[in-house]
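Participant: Sharing a structure, written as structure tokens. Questions coming.
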Amino acid sequence: MIRSKINELLSLESSLDKALVKGWVRTRRDSKSFSFIELNDGSCLKNLQIIAADTIENYEQIKTLSTGSSISVIGRMLESPGKSQKWELHATSIDIIGLATEIYPLQKKRHTDEFLRTMAHLRPRTNKYGATFRIRSELSFAIHQFFREKGFRYVHTPIITGSDCEGAGELFHVTAFDLGDIPKNAGSIDFSMDFFGKEANLTVSGQLSAEMFALALGDVYTFGPTFRAENSNTRRHAAEFWMVEPEMAFCDLDENMNLAEDFIKSLTSHILNQCSEDMELFAQFVDKGLMSRLENTLSGEFIRISYEDAVAIINQSGHEFEYELSFGKALQAEHERFLTEKHFDKPVIVYNYPKEISPFYMRLNDNDRTVAGMDVLLPTIGEIIGGSQREERMDILISRMEELGLNKQDYWWYIDSRRFGSVPHSGFGLGFERMMMFLTGISNIRDVIPFPRTPKSIDF
RNA sequence: UCCCCAGUAGCUCAGUCGGUAGAGCAGAUGGCUGUUAACCAUCGAGUCCGCGGUUCGAGUCCGUGCUGGGGAGCCA
């Protein structure tokens, strides 16, 4: 007999003579001649109510079932006389698969996120985390669907990269050395003896690789894990996180911003449409302002302002800020929050940043002061996307690298792409977990990733 | 890395002026009941985060370390 998923059974149109379900007991209540079992199999937020009559042969055993135990049930799906559910399963037989003892730590009450973080292996069995990770799965699918419908190709860029190429933050080193006996040459580490024959690290971005494929396949994207060894202790940083990075040939900054806005809106409406039951949980119990914020994101256009206009708005606002702002200084979190949450109360795209605070690959504007970079800022989240039109002119690219003191030899293949048939191209990176936080209202990044990696924390 | 806050029963917390530990939930047992965070009664449950100090006496005060949370920086 084929196992039915609970979400299928709960959407039945008429009763069913025989059904088989398997799942985990959420709670059980005894009545005079039968027992109510709330069963969840992860297919949806809702539980299936099971009626286990005392005529079932192993009824004495069934009465010992505690929260967390796994069972297999065969029975009839009938309309429920109770108020809280349409259907219930009247069991004809119940097999106990695995008992959970009374020390099972998840009680049928609300737990704090901090407590559940200490049992990341069990927390997906709770309502909130089950909903979170169903949405995470659906969001991943929505990303692939969005790009596929637009003719993008999915590129798998390397996880292990050679040397400190991107220069974005602290790197995790990758080595096959015996750490107790590292080969040295004149006092410094001899990487020629290591697995790759040179220094290797975990990737901090797939961008440079993706650019090579955009210049071959046209429109591409990457979607994979990214690693930063920064000692960041905040609710929106993790050492291992997922990033989505589209890269488009023959694309300028305006078209890049168009795609970024379209992308965020599409993902938002996809999740609202496809995960309405799970989203209802977040709207009710996690963040009362969630739905109005998401609707605000979908209605109308994002605000687009240049960096210089943003600086002017902030300085003329009359608001007190901890950090002073002038041309050439980076926007602080307080400035970003002011723009998205107070001044505009909308998602904001800030573009054309000063070249002094921008990486080498962003395209230099004609004024020679700014580059064609852009950040998408969301209320409550801050920066969710960073992107740019890339510098496609080889001579300017090289002089920018020299200005910033980068070693051209390390980037020979990147420069080479500008030597042969170079074209204007653009792309951006979106923090996947931050998008999850935006969509669910969950305020800590550790709670939207299955097994979070943060400084001093890798227990699972 | 810096600043602030917290750490007491399995969980969430209370604990007064420094005088030796308490509630709800969970668990166990019994009762009741088409219940639905079920209900009622009874019972058990503690390295008060660790170390050091002050004191006749420390959960409480001081120092220090660890862990967790919030904010900042960096960023996605």
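Residue numbering restarts at 1 for every chain of the structure tokens, chains are lettered A, B, ... in their displayed order, and ligands are numbered from 1 as they appear.
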If you count only C-alpha atoms (C1' of nucleotides), which residues fall within 12 Å of G31 of chain B, apart from same-chain ones fewer than 6 positions away, as a list in words?

Facilitator: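 The residues that qualify are Lys32 of chain A; C39, C40, A41 and U42 of chain B.
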
Participant: Would you mind exporting the chosen residues as a PDB file, in the first residue's frame, restricted to N, CA, C and O atoms (P, O5', C5', C4', C3', O3' and C1' of nucleotides)?

Facilitator:
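So the final result, stored in out34.pdb, reads:
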ATOM      1  N   LYS A  32     -12.402   8.618  26.636  1.00  0.00           N
ATOM      2  CA  LYS A  32     -12.890   7.452  27.379  1.00  0.00           C
ATOM      3  C   LYS A  32     -12.545   6.129  26.708  1.00  0.00           C
ATOM      4  O   LYS A  32     -11.909   5.279  27.304  1.00  0.00           O
TER       5      LYS A  32
ATOM      6  P     C B  39      -4.902  22.059  29.920  1.00  0.00           P
ATOM      7  O5'   C B  39      -6.131  21.636  30.845  1.00  0.00           O
ATOM      8  C5'   C B  39      -7.272  22.456  30.959  1.00  0.00           C
ATOM      9  C4'   C B  39      -8.327  21.763  31.790  1.00  0.00           C
ATOM     10  C3'   C B  39      -7.886  21.366  33.194  1.00  0.00           C
ATOM     11  O3'   C B  39      -7.954  22.447  34.097  1.00  0.00           O
ATOM     12  C1'   C B  39      -8.992  19.542  32.168  1.00  0.00           C
ATOM     13  P     C B  40      -6.866  22.570  35.311  1.00  0.00           P
ATOM     14  O5'   C B  40      -7.349  21.459  36.347  1.00  0.00           O
ATOM     15  C5'   C B  40      -8.591  21.588  36.995  1.00  0.00           C
ATOM     16  C4'   C B  40      -8.841  20.395  37.889  1.00  0.00           C
ATOM     17  C3'   C B  40      -7.693  20.012  38.806  1.00  0.00           C
ATOM     18  O3'   C B  40      -7.620  20.823  39.966  1.00  0.00           O
ATOM     19  C1'   C B  40      -8.550  18.072  37.769  1.00  0.00           C
ATOM     20  P     A B  41      -6.190  21.060  40.721  1.00  0.00           P
ATOM     21  O5'   A B  41      -5.899  19.663  41.424  1.00  0.00           O
ATOM     22  C5'   A B  41      -6.720  19.205  42.494  1.00  0.00           C
ATOM     23  C4'   A B  41      -6.334  17.809  42.896  1.00  0.00           C
ATOM     24  C3'   A B  41      -4.865  17.613  43.277  1.00  0.00           C
ATOM     25  O3'   A B  41      -4.588  18.026  44.593  1.00  0.00           O
ATOM     26  C1'   A B  41      -5.548  15.879  41.823  1.00  0.00           C
ATOM     27  P     U B  42      -3.126  18.567  44.997  1.00  0.00           P
ATOM     28  O5'   U B  42      -2.228  17.242  45.002  1.00  0.00           O
ATOM     29  C5'   U B  42      -2.451  16.234  45.987  1.00  0.00           C
ATOM     30  C4'   U B  42      -1.658  14.999  45.666  1.00  0.00           C
ATOM     31  C3'   U B  42      -0.152  15.192  45.522  1.00  0.00           C
ATOM     32  O3'   U B  42       0.517  15.243  46.775  1.00  0.00           O
ATOM     33  C1'   U B  42      -0.938  13.882  43.717  1.00  0.00           C
TER      34        U B  42
END

Participant: Excluding same-chain residues fewer than 4 positions from segment 211-224 of chain A, what lies within 7 Å of it counting only C-alpha atoms (C1' of nucleotides), as an mmCIF file with N, CA and C atoms, in the first residue's frame?

Facilitator:
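Written out: part21.cif:
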data_model
loop_
_atom_site.group_PDB
_atom_site.id
_atom_site.type_symbol
_atom_site.label_atom_id
_atom_site.label_comp_id
_atom_site.auth_asym_id
_atom_site.auth_seq_id
_atom_site.Cartn_x
_atom_site.Cartn_y
_atom_site.Cartn_z
ATOM 1 N N PHE A 152 18.234 32.145 -18.658
ATOM 2 C CA PHE A 152 19.548 32.068 -18.013
ATOM 3 C C PHE A 152 19.997 30.618 -17.897
ATOM 4 N N ARG A 153 21.330 30.419 -17.889
ATOM 5 C CA ARG A 153 21.896 29.085 -17.646
ATOM 6 C C ARG A 153 22.512 29.057 -16.259
ATOM 7 N N TYR A 154 22.377 27.895 -15.627
ATOM 8 C CA TYR A 154 22.883 27.695 -14.265
ATOM 9 C C TYR A 154 24.318 27.202 -14.345
ATOM 10 N N VAL A 155 25.246 27.929 -13.728
ATOM 11 C CA VAL A 155 26.671 27.575 -13.772
ATOM 12 C C VAL A 155 27.144 27.175 -12.380
ATOM 13 N N HIS A 156 27.865 26.063 -12.322
ATOM 14 C CA HIS A 156 28.451 25.646 -11.035
ATOM 15 C C HIS A 156 29.872 26.164 -10.945
ATOM 16 N N THR A 157 30.070 27.202 -10.172
ATOM 17 C CA THR A 157 31.412 27.769 -10.025
ATOM 18 C C THR A 157 32.124 27.085 -8.867
ATOM 19 N N GLY A 206 31.256 33.678 -6.465
ATOM 20 C CA GLY A 206 31.429 33.010 -7.746
ATOM 21 C C GLY A 206 31.500 33.993 -8.910
ATOM 22 N N GLN A 207 31.513 35.271 -8.585
ATOM 23 C CA GLN A 207 31.335 36.293 -9.614
ATOM 24 C C GLN A 207 32.352 36.223 -10.752
ATOM 25 N N TRP A 242 24.467 31.057 1.532
ATOM 26 C CA TRP A 242 24.231 30.806 0.105
ATOM 27 C C TRP A 242 23.997 32.124 -0.623
ATOM 28 N N MET A 243 24.517 32.183 -1.831
ATOM 29 C CA MET A 243 24.422 33.415 -2.585
ATOM 30 C C MET A 243 23.954 33.095 -4.003
ATOM 31 N N VAL A 244 23.131 33.985 -4.530
ATOM 32 C CA VAL A 244 22.660 33.875 -5.908
ATOM 33 C C VAL A 244 23.351 34.977 -6.703
ATOM 34 N N GLU A 245 24.027 34.611 -7.793
ATOM 35 C CA GLU A 245 24.770 35.616 -8.544
ATOM 36 C C GLU A 245 24.501 35.522 -10.042
ATOM 37 N N PRO A 246 23.540 36.315 -10.540
ATOM 38 C CA PRO A 246 23.348 36.375 -11.983
ATOM 39 C C PRO A 246 24.423 37.255 -12.626
ATOM 40 N N GLU A 247 24.723 36.928 -13.872
ATOM 41 C CA GLU A 247 25.713 37.708 -14.614
ATOM 42 C C GLU A 247 25.241 37.755 -16.067
ATOM 43 N N MET A 248 25.117 38.985 -16.627
ATOM 44 C CA MET A 248 24.515 39.133 -17.949
ATOM 45 C C MET A 248 25.458 39.846 -18.915
ATOM 46 N N ALA A 249 25.677 39.240 -20.062
ATOM 47 C CA ALA A 249 26.439 39.906 -21.126
ATOM 48 C C ALA A 249 25.551 40.939 -21.801
ATOM 49 N N SER A 417 39.802 37.826 -20.508
ATOM 50 C CA SER A 417 38.430 37.898 -21.026
ATOM 51 C C SER A 417 38.148 39.264 -21.631
#

Participant: Please extract the residues of segment 83-146 of chain A with a backbone DSSP assignment of alpha helix (DSSP H) and present them as a list in words.

Facilitator: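 Assigned to alpha helix (DSSP H), within segment 83-146 of chain A: Asp113, Glu114, Phe115, Leu116, Arg117, Asn127, Lys128, Tyr129, Gly130, Ala131, Thr132, Phe133, Arg134, Ile135, Arg136, Ser137, Glu138, Leu139, Ser140, Phe141, Ala142, Ile143, His144, Gln145 and Phe146 of chain A.
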
Participant: Can I get the selected residues back with N, CA and C atoms, as a PDB file, in the first residue's frame?

Facilitator:
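Contents of the output file out.pdb:
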ATOM      1  N   ASP A 113      13.952  30.615  20.393  1.00  0.00           N
ATOM      2  CA  ASP A 113      14.853  30.309  19.285  1.00  0.00           C
ATOM      3  C   ASP A 113      16.249  29.944  19.796  1.00  0.00           C
ATOM      4  N   GLU A 114      16.668  30.587  20.881  1.00  0.00           N
ATOM      5  CA  GLU A 114      17.995  30.304  21.437  1.00  0.00           C
ATOM      6  C   GLU A 114      18.083  28.857  21.909  1.00  0.00           C
ATOM      7  N   PHE A 115      17.040  28.394  22.572  1.00  0.00           N
ATOM      8  CA  PHE A 115      17.021  27.008  23.038  1.00  0.00           C
ATOM      9  C   PHE A 115      17.032  26.042  21.852  1.00  0.00           C
ATOM     10  N   LEU A 116      16.213  26.324  20.857  1.00  0.00           N
ATOM     11  CA  LEU A 116      16.119  25.415  19.708  1.00  0.00           C
ATOM     12  C   LEU A 116      17.421  25.381  18.903  1.00  0.00           C
ATOM     13  N   ARG A 117      18.175  26.482  18.940  1.00  0.00           N
ATOM     14  CA  ARG A 117      19.461  26.500  18.254  1.00  0.00           C
ATOM     15  C   ARG A 117      20.423  25.476  18.833  1.00  0.00           C
ATOM     16  N   ASN A 127       6.769  23.432  14.472  1.00  0.00           N
ATOM     17  CA  ASN A 127       5.941  24.113  13.471  1.00  0.00           C
ATOM     18  C   ASN A 127       6.720  25.203  12.751  1.00  0.00           C
ATOM     19  N   LYS A 128       7.361  26.077  13.530  1.00  0.00           N
ATOM     20  CA  LYS A 128       7.993  27.249  12.945  1.00  0.00           C
ATOM     21  C   LYS A 128       9.164  26.864  12.039  1.00  0.00           C
ATOM     22  N   TYR A 129       9.998  25.931  12.500  1.00  0.00           N
ATOM     23  CA  TYR A 129      11.167  25.573  11.702  1.00  0.00           C
ATOM     24  C   TYR A 129      10.788  24.686  10.525  1.00  0.00           C
ATOM     25  N   GLY A 130       9.769  23.847  10.715  1.00  0.00           N
ATOM     26  CA  GLY A 130       9.270  23.093   9.573  1.00  0.00           C
ATOM     27  C   GLY A 130       8.822  24.041   8.472  1.00  0.00           C
ATOM     28  N   ALA A 131       8.065  25.077   8.870  1.00  0.00           N
ATOM     29  CA  ALA A 131       7.587  26.064   7.896  1.00  0.00           C
ATOM     30  C   ALA A 131       8.767  26.795   7.259  1.00  0.00           C
ATOM     31  N   THR A 132       9.741  27.169   8.064  1.00  0.00           N
ATOM     32  CA  THR A 132      10.909  27.891   7.561  1.00  0.00           C
ATOM     33  C   THR A 132      11.621  27.091   6.472  1.00  0.00           C
ATOM     34  N   PHE A 133      11.809  25.805   6.729  1.00  0.00           N
ATOM     35  CA  PHE A 133      12.619  25.036   5.781  1.00  0.00           C
ATOM     36  C   PHE A 133      11.804  24.540   4.587  1.00  0.00           C
ATOM     37  N   ARG A 134      10.498  24.477   4.709  1.00  0.00           N
ATOM     38  CA  ARG A 134       9.689  24.277   3.501  1.00  0.00           C
ATOM     39  C   ARG A 134       9.779  25.512   2.612  1.00  0.00           C
ATOM     40  N   ILE A 135       9.734  26.691   3.237  1.00  0.00           N
ATOM     41  CA  ILE A 135       9.842  27.922   2.451  1.00  0.00           C
ATOM     42  C   ILE A 135      11.230  28.035   1.822  1.00  0.00           C
ATOM     43  N   ARG A 136      12.253  27.651   2.572  1.00  0.00           N
ATOM     44  CA  ARG A 136      13.614  27.707   2.034  1.00  0.00           C
ATOM     45  C   ARG A 136      13.729  26.844   0.772  1.00  0.00           C
ATOM     46  N   SER A 137      13.134  25.675   0.824  1.00  0.00           N
ATOM     47  CA  SER A 137      13.136  24.792  -0.343  1.00  0.00           C
ATOM     48  C   SER A 137      12.395  25.432  -1.507  1.00  0.00           C
ATOM     49  N   GLU A 138      11.235  25.985  -1.227  1.00  0.00           N
ATOM     50  CA  GLU A 138      10.428  26.595  -2.289  1.00  0.00           C
ATOM     51  C   GLU A 138      11.129  27.820  -2.871  1.00  0.00           C
ATOM     52  N   LEU A 139      11.821  28.574  -2.025  1.00  0.00           N
ATOM     53  CA  LEU A 139      12.533  29.757  -2.500  1.00  0.00           C
ATOM     54  C   LEU A 139      13.677  29.354  -3.442  1.00  0.00           C
ATOM     55  N   SER A 140      14.326  28.267  -3.127  1.00  0.00           N
ATOM     56  CA  SER A 140      15.389  27.776  -4.014  1.00  0.00           C
ATOM     57  C   SER A 140      14.821  27.438  -5.377  1.00  0.00           C
ATOM     58  N   PHE A 141      13.689  26.751  -5.350  1.00  0.00           N
ATOM     59  CA  PHE A 141      13.038  26.392  -6.607  1.00  0.00           C
ATOM     60  C   PHE A 141      12.635  27.646  -7.385  1.00  0.00           C
ATOM     61  N   ALA A 142      12.100  28.625  -6.670  1.00  0.00           N
ATOM     62  CA  ALA A 142      11.644  29.861  -7.327  1.00  0.00           C
ATOM     63  C   ALA A 142      12.797  30.579  -8.021  1.00  0.00           C
ATOM     64  N   ILE A 143      13.971  30.487  -7.436  1.00  0.00           N
ATOM     65  CA  ILE A 143      15.150  31.125  -8.035  1.00  0.00           C
ATOM     66  C   ILE A 143      15.473  30.463  -9.377  1.00  0.00           C
ATOM     67  N   HIS A 144      15.513  29.158  -9.373  1.00  0.00           N
ATOM     68  CA  HIS A 144      15.807  28.449 -10.627  1.00  0.00           C
ATOM     69  C   HIS A 144      14.727  28.717 -11.673  1.00  0.00           C
ATOM     70  N   GLN A 145      13.480  28.727 -11.220  1.00  0.00           N
ATOM     71  CA  GLN A 145      12.380  28.966 -12.160  1.00  0.00           C
ATOM     72  C   GLN A 145      12.448  30.363 -12.770  1.00  0.00           C
ATOM     73  N   PHE A 146      12.733  31.345 -11.927  1.00  0.00           N
ATOM     74  CA  PHE A 146      12.838  32.733 -12.406  1.00  0.00           C
ATOM     75  C   PHE A 146      13.865  32.840 -13.532  1.00  0.00           C
TER      76      PHE A 146
END

Participant: For chain B against chain A, which residues fall within 12 Å using only C-alpha atoms (C1' of nucleotides), given as a PyMOL selection string?

Facilitator: chain B and resi 1-2+10-12+24-28+31-39+66-76

Participant: May I have the residues within 7 Å of segment 281-295 of chain A as number ranges by chain, using only C-alpha atoms (C1' of nucleotides) and disregarding those fewer than 5 positions away in the same chain?

Facilitator: A: 440-442

Participant: Considering only strand (DSSP E or B) as DSSP defines it on the backbone, what residues of segment 13-85 of chain A qualify? List them as a ChimeraX atom specification.

Facilitator: /A:16-30,34-40,48-53,70-79

Participant: So that I can see what lies close to G57 of chain B, please list as a VMD selection string the residues with an atom at most 9 Å from it, counting only C-alpha atoms (C1' of nucleotides) and leaving out residues fewer than 6 positions away in the same chain.

Facilitator: chain B and resid 18 to 20

Participant: I'd like the contact shell of Ala91 of chain A - 8 Å cut-off, only C-alpha atoms (C1' of nucleotides), skipping same-chain residues fewer than 5 positions apart - returned as a list in words.

Facilitator: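 Neighbouring residues, sequence-local ones excluded: Ile50, Ile51, Ala52, Ala53, Val73, Ile74, Gly75 and Arg76 of chain A.
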
Participant: Please produce an output containing all heavy atoms for each residue in the selection, written as a PDB file, in the first residue's frame.

Facilitator:
ATOM      1  N   ILE A  50      -5.713  11.646  14.386  1.00  0.00           N
ATOM      2  CA  ILE A  50      -5.974  10.217  14.263  1.00  0.00           C
ATOM      3  C   ILE A  50      -6.803   9.756  15.450  1.00  0.00           C
ATOM      4  O   ILE A  50      -6.526  10.125  16.594  1.00  0.00           O
ATOM      5  CB  ILE A  50      -4.652   9.433  14.187  1.00  0.00           C
ATOM      6  CG1 ILE A  50      -4.004   9.718  12.826  1.00  0.00           C
ATOM      7  CG2 ILE A  50      -4.876   7.944  14.368  1.00  0.00           C
ATOM      8  CD1 ILE A  50      -2.568   9.419  12.772  1.00  0.00           C
ATOM      9  N   ILE A  51      -7.841   8.989  15.159  1.00  0.00           N
ATOM     10  CA  ILE A  51      -8.680   8.422  16.206  1.00  0.00           C
ATOM     11  C   ILE A  51      -8.270   6.965  16.387  1.00  0.00           C
ATOM     12  O   ILE A  51      -8.425   6.160  15.477  1.00  0.00           O
ATOM     13  CB  ILE A  51     -10.183   8.478  15.827  1.00  0.00           C
ATOM     14  CG1 ILE A  51     -10.574   9.877  15.341  1.00  0.00           C
ATOM     15  CG2 ILE A  51     -11.044   8.021  16.988  1.00  0.00           C
ATOM     16  CD1 ILE A  51     -10.432  10.967  16.365  1.00  0.00           C
ATOM     17  N   ALA A  52      -7.705   6.680  17.565  1.00  0.00           N
ATOM     18  CA  ALA A  52      -7.298   5.309  17.865  1.00  0.00           C
ATOM     19  C   ALA A  52      -8.247   4.741  18.907  1.00  0.00           C
ATOM     20  O   ALA A  52      -8.174   5.095  20.093  1.00  0.00           O
ATOM     21  CB  ALA A  52      -5.858   5.291  18.367  1.00  0.00           C
ATOM     22  N   ALA A  53      -9.166   3.869  18.482  1.00  0.00           N
ATOM     23  CA  ALA A  53     -10.160   3.303  19.402  1.00  0.00           C
ATOM     24  C   ALA A  53      -9.523   2.211  20.260  1.00  0.00           C
ATOM     25  O   ALA A  53      -8.534   1.588  19.869  1.00  0.00           O
ATOM     26  CB  ALA A  53     -11.329   2.724  18.612  1.00  0.00           C
ATOM     27  N   VAL A  73       0.186   4.374  10.298  1.00  0.00           N
ATOM     28  CA  VAL A  73      -1.240   4.207  10.580  1.00  0.00           C
ATOM     29  C   VAL A  73      -2.002   3.845   9.314  1.00  0.00           C
ATOM     30  O   VAL A  73      -1.807   4.467   8.265  1.00  0.00           O
ATOM     31  CB  VAL A  73      -1.853   5.510  11.153  1.00  0.00           C
ATOM     32  CG1 VAL A  73      -3.300   5.278  11.584  1.00  0.00           C
ATOM     33  CG2 VAL A  73      -1.026   6.030  12.312  1.00  0.00           C
ATOM     34  N   ILE A  74      -2.879   2.858   9.431  1.00  0.00           N
ATOM     35  CA  ILE A  74      -3.818   2.560   8.354  1.00  0.00           C
ATOM     36  C   ILE A  74      -5.218   2.801   8.891  1.00  0.00           C
ATOM     37  O   ILE A  74      -5.517   2.448  10.040  1.00  0.00           O
ATOM     38  CB  ILE A  74      -3.681   1.097   7.871  1.00  0.00           C
ATOM     39  CG1 ILE A  74      -2.323   0.886   7.206  1.00  0.00           C
ATOM     40  CG2 ILE A  74      -4.811   0.746   6.887  1.00  0.00           C
ATOM     41  CD1 ILE A  74      -2.029  -0.549   6.853  1.00  0.00           C
ATOM     42  N   GLY A  75      -6.057   3.433   8.075  1.00  0.00           N
ATOM     43  CA  GLY A  75      -7.402   3.698   8.561  1.00  0.00           C
ATOM     44  C   GLY A  75      -8.283   4.322   7.502  1.00  0.00           C
ATOM     45  O   GLY A  75      -7.923   4.370   6.322  1.00  0.00           O
ATOM     46  N   ARG A  76      -9.457   4.798   7.950  1.00  0.00           N
ATOM     47  CA  ARG A  76     -10.417   5.426   7.041  1.00  0.00           C
ATOM     48  C   ARG A  76     -10.413   6.932   7.253  1.00  0.00           C
ATOM     49  O   ARG A  76     -10.503   7.403   8.380  1.00  0.00           O
ATOM     50  CB  ARG A  76     -11.828   4.885   7.313  1.00  0.00           C
ATOM     51  CG  ARG A  76     -11.954   3.385   7.162  1.00  0.00           C
ATOM     52  CD  ARG A  76     -13.329   2.922   7.622  1.00  0.00           C
ATOM     53  NE  ARG A  76     -14.382   3.457   6.753  1.00  0.00           N
ATOM     54  CZ  ARG A  76     -15.678   3.480   7.091  1.00  0.00           C
ATOM     55  NH1 ARG A  76     -16.061   3.033   8.273  1.00  0.00           N
ATOM     56  NH2 ARG A  76     -16.578   3.965   6.249  1.00  0.00           N
TER      57      ARG A  76
END

Participant: For Lys86 of chain A, list every protein, DNA or RNA residue within 10 Å, evaluated using only C-alpha atoms (C1' of nucleotides), and leave out those in the same chain fewer than 6 positions away; present the list as an NGL selection string.

Facilitator: :A and (10-12 or 48-49 or 78-80)

Participant: Please provide as a list in words all residues within 12 Å of C62 of chain B, with the sequence filter that same-chain residues fewer than 5 positions apart are discarded (counting only C-alpha atoms (C1' of nucleotides)).

Facilitator: G52, G53, U54 and U55 of chain B

Participant: Save out the residues we just selected, N, CA and C atoms (P, O5', C5', C4', C3', O3' and C1' of nucleotides), as an mmCIF file, in the first residue's frame.

Facilitator:
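Contents of selection-v2.cif, freshly written:
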data_model
loop_
_atom_site.group_PDB
_atom_site.id
_atom_site.type_symbol
_atom_site.label_atom_id
_atom_site.label_comp_id
_atom_site.auth_asym_id
_atom_site.auth_seq_id
_atom_site.Cartn_x
_atom_site.Cartn_y
_atom_site.Cartn_z
ATOM 1 P P G B 52 37.895 27.611 43.560
ATOM 2 O "O5'" G B 52 38.304 29.141 43.753
ATOM 3 C "C5'" G B 52 39.680 29.507 43.734
ATOM 4 C "C4'" G B 52 39.844 31.002 43.716
ATOM 5 C "C3'" G B 52 39.365 31.763 44.946
ATOM 6 O "O3'" G B 52 40.229 31.659 46.052
ATOM 7 C "C1'" G B 52 38.686 32.903 43.000
ATOM 8 P P G B 53 39.576 31.785 47.557
ATOM 9 O "O5'" G B 53 39.141 33.308 47.635
ATOM 10 C "C5'" G B 53 40.124 34.337 47.643
ATOM 11 C "C4'" G B 53 39.487 35.702 47.536
ATOM 12 C "C3'" G B 53 38.672 36.159 48.730
ATOM 13 O "O3'" G B 53 39.479 36.625 49.798
ATOM 14 C "C1'" G B 53 37.521 36.668 46.727
ATOM 15 P P U B 54 38.950 36.466 51.323
ATOM 16 O "O5'" U B 54 37.814 37.578 51.427
ATOM 17 C "C5'" U B 54 38.132 38.957 51.281
ATOM 18 C "C4'" U B 54 36.887 39.793 51.396
ATOM 19 C "C3'" U B 54 36.021 39.497 52.621
ATOM 20 O "O3'" U B 54 36.503 40.156 53.780
ATOM 21 C "C1'" U B 54 34.661 39.624 50.685
ATOM 22 P P U B 55 36.661 39.300 55.174
ATOM 23 O "O5'" U B 55 35.148 38.980 55.569
ATOM 24 C "C5'" U B 55 34.232 40.032 55.844
ATOM 25 C "C4'" U B 55 32.832 39.490 55.940
ATOM 26 C "C3'" U B 55 32.666 38.308 56.899
ATOM 27 O "O3'" U B 55 32.562 38.712 58.249
ATOM 28 C "C1'" U B 55 31.533 37.873 54.856
#
